[in-house]
$ cat my_file-v7.cif   # mmCIF, C-alpha atoms
data_final
#
loop_
_atom_site.label_atom_id
_atom_site.label_comp_id
_atom_site.auth_asym_id
_atom_site.auth_seq_id
_atom_site.Cartn_x
_atom_site.Cartn_y
_atom_site.Cartn_z
CA MET A 1 149.48 43.63 40.13
CA SER A 2 152.19 42.04 37.98
CA ILE A 3 154.20 44.37 35.74
CA LYS A 4 156.07 43.17 32.65
CA SER A 5 159.09 44.69 30.96
CA LYS A 6 159.57 45.31 27.25
CA ASN A 7 162.90 46.67 26.03
CA ASN A 8 163.72 47.93 29.52
CA GLU A 9 160.44 49.86 29.67
CA TRP A 10 157.60 48.82 31.93
CA GLU A 11 153.89 48.76 31.25
CA PRO A 12 152.67 52.18 32.39
CA LEU A 13 150.46 52.39 35.44
CA ASN A 14 147.19 54.20 35.04
CA PRO A 15 146.93 56.80 37.83
CA GLY A 16 143.49 57.57 39.19
CA PHE A 17 141.67 60.88 38.84
CA ILE A 18 142.95 62.30 42.13
CA GLU A 19 146.56 61.38 41.35
CA ARG A 20 146.29 62.95 37.87
CA TRP A 21 144.95 66.12 39.44
CA GLY A 22 147.90 66.09 41.84
CA LEU A 23 150.33 65.76 38.91
CA LYS A 24 148.86 68.86 37.25
CA ILE A 25 149.21 70.86 40.47
CA ILE A 26 152.80 69.64 40.87
CA GLU A 27 153.75 70.78 37.36
CA PHE A 28 152.19 74.20 38.02
CA ASN A 29 153.92 74.54 41.41
CA ILE A 30 157.36 73.50 40.13
CA LYS A 31 157.24 76.12 37.36
CA LYS A 32 156.18 78.78 39.84
CA ILE A 33 158.79 77.83 42.46
CA ALA A 34 161.55 77.75 39.84
CA THR A 35 160.95 81.40 39.01
CA GLN A 36 160.93 82.51 42.66
CA SER A 37 163.60 80.47 44.43
CA HIS A 38 167.22 79.46 44.22
CA ARG A 39 167.94 75.76 44.13
CA ASN A 40 169.75 74.30 47.11
CA ILE A 41 171.26 70.83 46.77
CA GLU A 42 173.34 70.87 49.97
CA LEU A 43 172.13 67.85 51.92
CA LYS A 44 173.53 69.28 55.14
CA GLU A 45 171.07 72.18 54.88
CA PHE A 46 168.12 70.15 53.61
CA TYR A 47 166.86 69.13 57.07
CA SER A 48 166.56 72.69 58.38
CA ASN A 49 165.07 74.01 55.12
CA ALA A 50 162.56 71.16 54.99
CA ASN A 51 161.55 71.76 58.61
CA ILE A 52 160.66 75.38 57.83
CA ILE A 53 158.43 74.20 54.99
CA ILE A 54 156.86 71.53 57.23
CA ARG A 55 156.11 73.99 60.05
CA ASN A 56 154.57 76.58 57.75
CA SER A 57 152.48 74.01 55.89
CA THR A 58 151.27 72.43 59.14
CA LEU A 59 150.15 75.86 60.36
CA HIS A 60 148.39 76.58 57.07
CA SER A 61 146.53 73.25 57.22
CA PHE A 62 145.49 73.93 60.81
CA LEU A 63 144.07 77.32 59.84
CA ILE A 64 142.27 75.83 56.84
CA GLY A 65 140.62 73.16 58.99
CA LEU A 66 139.71 75.73 61.65
CA ILE A 67 138.25 78.40 59.35
CA VAL A 68 136.43 76.07 56.95
CA THR A 69 134.84 74.19 59.87
CA VAL A 70 133.64 77.43 61.45
CA PHE A 71 131.84 78.35 58.22
CA TYR A 72 130.48 74.81 57.97
CA VAL A 73 129.05 75.00 61.49
CA ILE A 74 127.44 78.36 60.73
CA ALA A 75 125.81 76.91 57.60
CA TYR A 76 124.78 73.75 59.48
CA LEU A 77 123.16 75.73 62.31
CA ALA A 78 121.32 77.86 59.76
CA VAL A 79 119.82 74.70 58.21
CA VAL A 80 118.87 73.30 61.63
CA GLU A 81 117.26 76.59 62.60
CA TYR A 82 115.26 76.70 59.35
CA TYR A 83 114.12 73.09 59.88
CA PRO A 84 113.99 72.95 63.70
CA SER A 85 112.10 69.67 64.12
CA GLU A 86 114.23 66.74 65.30
CA LEU A 87 111.44 64.18 64.94
CA ILE A 88 111.92 61.38 62.42
CA ASP A 89 108.80 61.62 60.28
CA PHE A 90 109.19 59.93 56.89
CA GLN A 91 105.89 61.39 55.73
CA ASP A 92 107.02 64.97 56.31
CA LEU A 93 108.80 66.51 53.30
CA ASN A 94 110.65 68.91 55.60
CA PHE A 95 112.47 65.92 57.06
CA TYR A 96 113.95 65.11 53.65
CA TYR A 97 114.64 68.79 52.85
CA LYS A 98 116.49 69.18 56.12
CA TRP A 99 118.78 66.20 55.57
CA PHE A 100 119.33 67.08 51.94
CA TRP A 101 120.67 70.49 52.93
CA ILE A 102 122.69 69.10 55.86
CA LEU A 103 124.41 66.56 53.61
CA LEU A 104 124.90 69.12 50.85
CA VAL A 105 126.54 71.59 53.25
CA LEU A 106 128.71 68.82 54.70
CA GLY A 107 129.79 67.70 51.21
CA ILE A 108 130.61 71.21 49.99
CA PHE A 109 132.68 72.22 53.00
CA THR A 110 134.44 68.84 53.20
CA TYR A 111 135.42 69.24 49.54
CA ILE A 112 136.72 72.77 50.17
CA GLU A 113 138.68 71.63 53.22
CA LEU A 114 140.33 68.66 51.49
CA TYR A 115 141.04 70.66 48.33
CA LEU A 116 142.86 73.41 50.23
CA VAL A 117 144.73 71.04 52.57
CA TYR A 118 145.91 68.93 49.65
CA ARG A 119 147.00 72.04 47.76
CA VAL A 120 149.13 72.99 50.77
CA GLY A 121 150.69 69.51 50.83
CA LEU A 122 151.37 69.46 47.08
CA LYS A 123 153.05 72.85 47.20
CA ALA A 124 155.18 71.80 50.18
CA VAL A 125 156.46 68.57 48.59
CA CYS A 126 157.30 70.51 45.42
CA LYS A 127 159.35 73.01 47.42
CA MET A 128 161.27 70.28 49.23
CA ALA A 129 161.88 68.38 45.99
CA TYR A 130 163.11 71.48 44.20
CA TYR A 131 165.44 72.60 46.98
CA VAL A 132 167.10 69.17 47.30
CA GLY A 133 167.58 68.85 43.54
CA PHE A 134 165.16 65.96 43.03
CA ASP A 135 164.99 65.16 39.30
CA LEU A 136 161.34 65.21 38.17
CA SER A 137 161.97 64.01 34.63
CA ASP A 138 160.56 60.59 33.72
CA ASP A 139 162.90 57.60 33.68
CA PRO A 140 161.48 54.83 31.43
CA ILE A 141 162.95 52.05 33.58
CA LEU A 142 161.04 53.20 36.67
CA ILE A 143 157.43 52.14 37.23
CA THR A 144 156.63 54.83 39.79
CA LYS A 145 157.65 58.07 38.11
CA ASN A 146 159.24 60.78 40.22
CA LYS A 147 156.33 63.21 39.92
CA ASN A 148 153.97 60.43 40.94
CA ILE A 149 155.98 59.91 44.13
CA LEU A 150 155.28 63.51 45.12
CA SER A 151 151.62 63.33 44.14
CA ARG A 152 150.94 60.05 45.94
CA ILE A 153 152.60 61.18 49.17
CA ALA A 154 150.83 64.56 49.27
CA LEU A 155 147.45 62.99 48.50
CA GLU A 156 147.97 60.10 50.95
CA ILE A 157 147.81 57.44 48.21
CA PRO A 158 149.55 54.23 49.36
CA ASP A 159 152.57 52.83 47.53
CA HIS A 160 151.95 50.34 44.76
CA ARG A 161 151.85 46.65 45.66
CA LEU A 162 153.40 45.39 42.45
CA ILE A 163 154.96 42.11 41.43
CA VAL A 164 158.14 43.00 39.54
CA LEU A 165 160.87 40.56 38.47
CA GLY A 166 158.94 37.90 40.35
CA ILE A 167 159.17 39.83 43.64
CA ASN A 168 155.89 39.73 45.54
CA PRO A 169 155.75 42.33 48.36
CA GLU A 170 152.75 40.55 49.91
CA LYS A 171 154.56 37.24 50.27
CA LEU A 172 154.73 37.46 54.07
CA LEU A 173 151.78 39.80 54.52
CA ASN A 174 148.85 39.01 56.78
CA LYS A 175 145.92 39.74 54.42
CA LYS A 176 143.44 40.10 57.29
CA SER A 177 145.65 42.69 58.98
CA LEU A 178 146.04 44.54 55.66
CA PHE A 179 142.25 44.70 55.20
CA ILE A 180 141.70 46.13 58.69
CA LYS A 181 144.48 48.70 58.24
CA THR A 182 143.07 49.76 54.86
CA ILE A 183 139.58 50.30 56.29
CA ILE A 184 140.99 52.38 59.15
CA TYR A 185 143.21 54.35 56.76
CA LYS A 186 140.33 55.21 54.42
CA ALA A 187 137.92 56.16 57.18
CA LYS A 188 140.23 58.10 59.48
CA ILE A 189 139.28 61.66 58.48
CA VAL A 190 135.52 61.11 58.50
CA ALA A 191 135.67 58.95 61.61
CA SER A 192 137.80 61.44 63.54
CA ASN A 193 135.37 64.29 62.87
CA PHE A 194 132.30 62.30 63.85
CA ILE A 195 133.92 60.74 66.93
CA ALA A 196 135.23 64.11 68.08
CA LYS A 197 131.79 65.64 67.64
CA LEU A 198 130.11 62.86 69.62
CA ILE A 199 132.63 63.10 72.46
CA VAL A 200 132.42 66.87 72.71
CA ARG A 201 128.63 66.89 72.61
CA ARG A 202 128.51 64.17 75.26
CA ILE A 203 130.80 66.11 77.59
CA LEU A 204 129.07 69.44 77.05
CA ALA A 205 125.50 68.16 76.76
CA ARG A 206 124.49 69.29 80.25
CA SER A 207 126.85 72.21 80.65
CA ALA A 208 126.50 75.90 79.96
CA LEU A 209 128.81 75.47 76.94
CA ARG A 210 126.40 73.17 75.07
CA ALA A 211 125.55 75.89 72.56
CA TYR A 212 129.24 76.12 71.56
CA SER A 213 129.83 72.38 71.17
CA ASP A 214 129.65 72.53 67.37
CA PHE A 215 132.20 75.35 67.17
CA ILE A 216 134.62 73.49 69.43
CA ILE A 217 134.92 70.94 66.61
CA ALA A 218 136.68 73.61 64.52
CA PRO A 219 140.05 73.60 66.36
CA ILE A 220 139.87 69.79 66.60
CA THR A 221 139.46 69.55 62.83
CA GLY A 222 142.24 72.10 62.36
CA PHE A 223 144.53 70.10 64.63
CA TRP A 224 143.79 66.91 62.70
CA ASP A 225 144.44 68.53 59.31
CA GLY A 226 147.69 69.98 60.62
CA LEU A 227 148.74 66.61 62.05
CA VAL A 228 148.03 64.77 58.78
CA THR A 229 150.02 67.37 56.84
CA TYR A 230 152.90 67.15 59.30
CA ILE A 231 153.09 63.34 59.11
CA THR A 232 152.82 63.41 55.32
CA LEU A 233 155.64 65.92 54.89
CA ILE A 234 157.90 64.13 57.38
CA GLU A 235 157.55 61.03 55.19
CA MET A 236 158.28 63.09 52.07
CA ARG A 237 161.40 64.51 53.69
CA LYS A 238 162.69 61.00 54.39
CA ARG A 239 161.94 59.82 50.86
CA LEU A 240 163.66 62.74 49.19
CA PHE A 241 166.69 62.34 51.43
CA THR A 242 166.94 58.60 50.84
CA ARG A 243 166.48 59.05 47.08
CA ILE A 244 169.57 61.24 46.98
CA LEU A 245 171.36 58.61 49.06
CA ALA A 246 170.10 55.86 46.75
CA GLU A 247 171.43 57.68 43.67
CA ASP A 248 174.86 57.95 45.28
CA LEU A 249 174.71 54.34 46.49
CA LEU A 250 173.71 53.16 43.01
CA SER A 251 176.82 54.68 41.41
CA ASN A 252 178.94 52.90 44.00
CA LEU A 253 177.10 49.60 43.46
CA ILE A 254 177.53 49.73 39.68
CA ASN A 255 181.27 50.17 40.13
CA LYS A 256 181.39 47.33 42.65
CA CYS A 257 179.32 45.04 40.39
CA ASN A 258 181.82 45.61 37.60
CA ILE A 259 184.62 44.67 39.99
CA HIS A 260 183.06 41.75 41.88
CA GLY A 261 181.04 40.23 39.04
CA ILE A 262 177.68 38.55 38.60
CA ILE A 263 177.51 36.89 42.03
CA PHE A 264 177.70 40.25 43.78
CA GLN A 265 175.15 41.70 41.36
CA GLU A 266 172.69 38.88 42.13
CA LEU A 267 173.16 39.29 45.88
CA CYS A 268 172.52 43.03 45.60
CA MET A 269 169.23 42.39 43.83
CA ARG A 270 168.33 39.76 46.44
CA ALA A 271 169.10 42.22 49.25
CA ILE A 272 166.74 44.80 47.76
CA ALA A 273 164.07 42.17 47.07
CA SER A 274 164.27 40.97 50.69
CA ALA A 275 163.73 44.53 51.94
CA VAL A 276 160.68 44.85 49.66
CA ILE A 277 159.23 41.69 51.23
CA LEU A 278 159.82 43.01 54.74
CA ASN A 279 158.34 46.40 53.76
CA PHE A 280 155.18 44.73 52.34
CA LYS A 281 155.32 47.13 49.38
CA PHE A 282 157.66 48.56 46.78
CA HIS A 283 159.15 51.57 48.51
CA PRO A 284 159.93 53.96 45.59
CA ASN A 285 163.62 54.13 46.49
CA LEU A 286 163.94 50.34 46.68
CA GLU A 287 162.19 50.19 43.31
CA PHE A 288 164.72 52.74 42.02
CA LEU A 289 167.74 50.70 43.16
CA LEU A 290 166.37 47.39 41.93
CA LEU A 291 165.30 48.55 38.48
CA LYS A 292 168.43 50.64 37.86
CA LEU A 293 170.57 47.57 38.63
CA TYR A 294 168.31 45.56 36.32
CA GLU A 295 168.75 48.23 33.63
CA ASN A 296 172.53 48.04 33.88
CA PHE A 297 173.04 44.29 34.32
CA GLY A 298 169.78 42.52 33.53
CA LEU A 299 168.45 39.56 35.47
CA PRO A 300 171.05 36.92 36.43
CA ASN A 301 170.72 33.70 34.43
CA ASP A 302 169.76 30.36 35.96
CA LEU A 303 168.57 31.62 39.33
CA SER A 304 168.49 28.69 41.73
CA HIS A 305 165.88 30.45 43.90
CA PRO A 306 163.42 33.31 43.24
CA LEU A 307 164.76 36.79 43.99
CA ASP A 308 162.24 37.19 46.80
CA ASP A 309 163.37 34.04 48.63
CA ILE A 310 164.42 35.89 51.76
CA GLU A 311 165.41 32.75 53.66
CA PHE A 312 167.86 31.79 50.90
CA PHE A 313 169.39 35.28 50.90
CA LEU A 314 169.85 35.45 54.67
CA ASN A 315 171.46 32.01 54.72
CA LYS A 316 173.76 33.08 51.88
CA LEU A 317 174.69 36.23 53.77
CA ASP A 318 176.04 34.13 56.62
CA THR A 319 178.48 32.33 54.30
CA LEU A 320 180.29 35.44 53.06
CA ASP A 321 182.78 35.93 55.90
CA LYS A 322 185.79 35.63 53.60
CA GLU A 323 184.40 37.40 50.54
CA LYS A 324 185.92 40.75 49.59
CA TYR A 325 182.53 42.24 48.74
CA ARG A 326 180.92 41.39 52.11
CA GLY A 327 181.28 44.95 53.43
CA ASP A 328 179.79 46.50 50.28
CA LEU A 329 176.84 44.11 50.37
CA LEU A 330 176.21 44.73 54.06
CA ALA A 331 176.15 48.50 53.44
CA LEU A 332 173.35 47.94 50.92
CA VAL A 333 171.49 45.63 53.32
CA TYR A 334 171.71 48.20 56.11
CA PHE A 335 170.40 50.93 53.82
CA CYS A 336 167.51 48.79 52.59
CA PHE A 337 166.47 47.90 56.14
CA ALA A 338 166.61 51.56 57.22
CA VAL A 339 165.26 53.21 54.06
CA ASP A 340 161.91 54.20 55.61
CA GLY A 341 163.53 55.46 58.82
CA LYS A 342 162.25 52.53 60.88
CA PHE A 343 163.63 49.22 62.08
CA THR A 344 160.40 47.42 62.89
CA ASN A 345 159.87 44.54 65.29
CA PHE A 346 158.99 42.32 62.33
CA GLU A 347 162.27 43.20 60.61
CA LYS A 348 164.16 42.52 63.83
CA LYS A 349 162.44 39.16 64.14
CA ILE A 350 163.43 38.18 60.59
CA ALA A 351 166.96 39.53 61.10
CA LYS A 352 167.43 37.24 64.10
CA SER A 353 167.26 34.25 61.77
CA CYS A 354 170.49 35.51 60.19
CA LYS A 355 173.69 35.31 62.23
CA THR A 356 175.18 38.35 60.48
CA LEU A 357 172.16 40.64 60.97
CA SER A 358 171.35 39.42 64.49
CA SER A 359 174.72 40.59 65.79
CA ILE A 360 174.73 43.55 68.16
CA GLU A 361 176.88 45.51 65.70
CA SER A 362 174.45 45.06 62.79
CA GLN A 363 171.40 45.79 64.94
CA ASN A 364 173.00 48.99 66.23
CA ILE A 365 174.02 50.11 62.75
CA ILE A 366 170.51 49.66 61.33
CA THR A 367 168.94 51.42 64.33
CA LYS A 368 171.36 54.37 64.18
CA LEU A 369 171.08 54.56 60.39
CA SER A 370 167.27 54.71 60.68
CA LYS A 371 167.55 57.59 63.15
CA ALA A 372 170.05 59.37 60.91
CA ILE A 373 167.65 59.07 57.96
CA ASN A 374 164.86 60.58 60.06
CA LYS A 375 167.13 63.51 60.88
CA CYS A 376 168.66 63.69 57.37
CA ASP A 377 172.10 63.44 58.99
CA ILE A 378 174.38 62.88 55.99
CA GLU A 379 177.53 62.59 58.11
CA ILE A 380 176.18 59.65 60.14
CA VAL A 381 174.81 58.01 56.99
CA ASN A 382 178.19 58.26 55.24
CA LEU A 383 179.86 56.85 58.33
CA PHE A 384 177.82 53.65 58.18
CA LEU A 385 177.43 53.25 54.41
CA TYR A 386 180.90 54.24 53.24
CA ARG A 387 182.90 54.31 56.49
CA LYS A 388 183.82 57.93 55.70
#
$ encode --input "my_file-v7.cif" --output "C-alpha cells"
Amino acid sequence: MSIKSKNNEWEPLNPGFIERWGLKIIEFNIKKIATQSHRNIELKEFYSNANIIIRNSTLHSFLIGLIVTVFYVIAYLAVVEYYPSELIDFQDLNFYYKWFWILLVLGIFTYIELYLVYRVGLKAVCKMAYYVGFDLSDDPILITKNKNILSRIALEIPDHRLIVLGINPEKLLNKKSLFIKTIIYKAKIVASNFIAKLIVRRILARSALRAYSDFIIAPITGFWDGLVTYITLIEMRKRLFTRILAEDLLSNLINKCNIHGIIFQELCMRAIASAVILNFKFHPNLEFLLLKLYENFGLPNDLSHPLDDIEFFLNKLDTLDKEKYRGDLLALVYFCFAVDGKFTNFEKKIAKSCKTLSSIESQNIITKLSKAINKCDIEIVNLFLYRK
C-alpha cells in the first residue's frame, strides 16, 4: 500500500473493526490507569515493572482459557448427551440440530475467551505505556499513530506493509514464504485447539481417563492463551523501550544533521530504509525515525539511487573511513539492525556483503545491542550508541 504526503501529513489509514474496538478500550484504560497510578519514566526501572505486568497478565490469560474452556466442555457434553447419536444421517433433523448447537456453543465460548484475553492484553500494554511515559497523542507526520501501535500489538495485528518515500519493505521478501507464514499465523489458535484435542483423545481413547479427555483440553487452552499473551507483551516491552531510545536518538541525529549537512542526512534516511527492507515491514520505531527526519529536513534532492537501494548504501558505508560523521552513522545503523531485539541470519547474510558491518566488532555490537534491548538495559544501550 503506497502512502502519499500532503503538507507533511499522510493519508490516514483506515483501521479495521477490531483495531477500532481496541482503540476505544485503550482510551478507557488510559483514563482509568491515570487516576490510579503514578507515572514512572525511569528506564532503569521499566524492565522490572514491565515484567510484573507481563507475569500477572500471563496468569490472567491462563485462567481465562482454563475456566472458559471448562464451561465450554460442559455445554458441549450437554449437547452431545441430548443428541447422543454419532451416525451421519442427512435425513435426520436431529443431526442438523446437534451440529447447530455444537457450533453455536463453540462460537459463543470462543468469542468470550478471545474477548477476555484481548482485554487483558490491552490493559497490560496501556499500563506499560503509561509507566514509561509513552506519548499517546497523535503526531500528524506519523502514519501509524501511537495508540494504534498499542492496539495492533495487543490484538496481534501485523505491522503495516507500506510503501513510503519510495521504500518498499517487500523488496527482498519471498512472497511464497509470506503467504505460508500468514496462513499459519491466522490459523494458529483454532489449529492448536483442534490438534491438541485430537492428540489427547488419541492417547486416552483406550484408557480409563477417556471420559476426562475433553476437560484436559482446558489447561492446554489456558497454557496457549497465557503463552500468546506473554509473547505479545514481551514484544510490546521492546517496542516501548526502543521508542524512548528512538526519541533520544532522533534529537541527537537532528543536531548531527545540522552539523554534518545534507550528505549525512541522506545517509541516515538510507540507513533506516535499509533496515525496513531487512525487516520486511515498517517497524513503528523505524517509521518514527524516518518520518521525523523527513519532517525536519525533507527528502534530499537529486537522489542518484532510491532510498531503499540497500546495496548502494552498504557500498557507501564502506567508503566513509575518513568521514567525521562515520561513528554517528554507525550508531544509527546498529540501532536499526537491533531495533526488534533480533539479529537474524538474513540480516547477518546481508551484513557480510559490507566490509564495515561484517567485521567482528560490528557483529558483536549488533548482537549485544539486540540482547540489551530485550532486557531493556539502558546502560549497555548507551555504551554502544553514545559511547557513554
$ residues_near_point --input "my_file-v7.cif" --point "(169.3, 68.9, 41.4)" --cutoff "12 Å" --atoms "all atoms listed in the file" --output "ChimeraX atom specification"
/A:34,38-43,128-137,240,243-244,247
$ resolve_selection --input "my_file-v7.cif" --expression "the PyMOL selection byres ((chain A and resi 362-375) around 6)" --output "compact mmCIF listing (two decimals) with C-alpha atoms, in the coordinates of the input"
# COMPACT_ATOMS: atom_id res chain seq x y z
CA TYR A 334 171.71 48.20 56.11
CA ALA A 338 166.61 51.56 57.22
CA GLY A 341 163.53 55.46 58.82
CA LYS A 342 162.25 52.53 60.88
CA LEU A 357 172.16 40.64 60.97
CA SER A 359 174.72 40.59 65.79
CA ILE A 360 174.73 43.55 68.16
CA GLU A 361 176.88 45.51 65.70
CA CYS A 376 168.66 63.69 57.37
CA ASP A 377 172.10 63.44 58.99
$ residues_around --input "my_file-v7.cif" --residues "A:Glu295" --least-positions-apart "3" --cutoff "8 Å" --atoms "only C-alpha atoms" --output "MDAnalysis selection string"
chainID A and resid 8 141 291:292 298
$ write_last_selection --input "my_file-v7.cif" --atoms "C-alpha atoms" --output "PDB file, in the coordinates of the input"
ATOM      1  CA  ASN A   8     163.720  47.930  29.520  1.00  0.00           C
ATOM      2  CA  ILE A 141     162.950  52.050  33.580  1.00  0.00           C
ATOM      3  CA  LEU A 291     165.300  48.550  38.480  1.00  0.00           C
ATOM      4  CA  LYS A 292     168.430  50.640  37.860  1.00  0.00           C
ATOM      5  CA  GLY A 298     169.780  42.520  33.530  1.00  0.00           C
TER       6      GLY A 298
END
$ closest_residue --input "my_file-v7.cif" --among "A:Val125, A:Ile108, A:Leu103, A:Val73" --to "A:Ile33" --atoms "only C-alpha atoms"
A:Val125
$ axis_aligned_box --input "my_file-v7.cif" --around "stretch 48-53 of chain A" --padding-each-side "4 Å" --output "lines of an AutoDock Vina configuration file"
center_x = 162.5
center_y = 73.3
center_z = 56.8
size_x = 16.1
size_y = 12.2
size_z = 11.6
$ atom_distance --input "my_file-v7.cif" --atom1 "atom CA of A:Tyr118" --atom2 "atom CA of A:Leu66"
15.1 Å
$ residues_around --input "my_file-v7.cif" --residues "A:Val68" --least-positions-apart "2" --cutoff "9 Å" --atoms "only C-alpha atoms" --output "list in words"
Leu63, Ile64, Gly65, Leu66, Val70, Phe71, Tyr72, Val73, Phe109, Thr110, Ile112, Glu113, Ala218 and Gly222 of chain A
$ atom_distance --input "my_file-v7.cif" --atom1 "atom CA of A:Met236" --atom2 "atom CA of A:Leu13"
21.3 Å
$ resolve_selection --input "my_file-v7.cif" --expression "the PyMOL selection byres ((chain A and resi 145-151) around 10)" --output "ChimeraX atom specification"
/A:12-13,15,18-27,118,121-126,128-129,134-144,152-157,159,236,239-240,283-285,288
$ residues_around --input "my_file-v7.cif" --residues "A:Leu172" --least-positions-apart "6" --cutoff "12 Å" --atoms "only C-alpha atoms" --output "list in words"
Leu178, Ser274, Ala275, Val276, Ile277, Leu278, Asn279, Phe280, Lys281, Asp308, Asp309, Ile310, Glu311, Phe346, Glu347 and Ile350 of chain A
$ resolve_selection --input "my_file-v7.cif" --expression "the PyMOL selection byres ((chain A and resi 315) around 12)" --output "PyMOL selection string"
chain A and resi 267+270-271+309-314+316-320+350-357
$ atom_distance --input "my_file-v7.cif" --atom1 "atom CA of A:Pro158" --atom2 "atom CA of A:Thr69"
26.9 Å
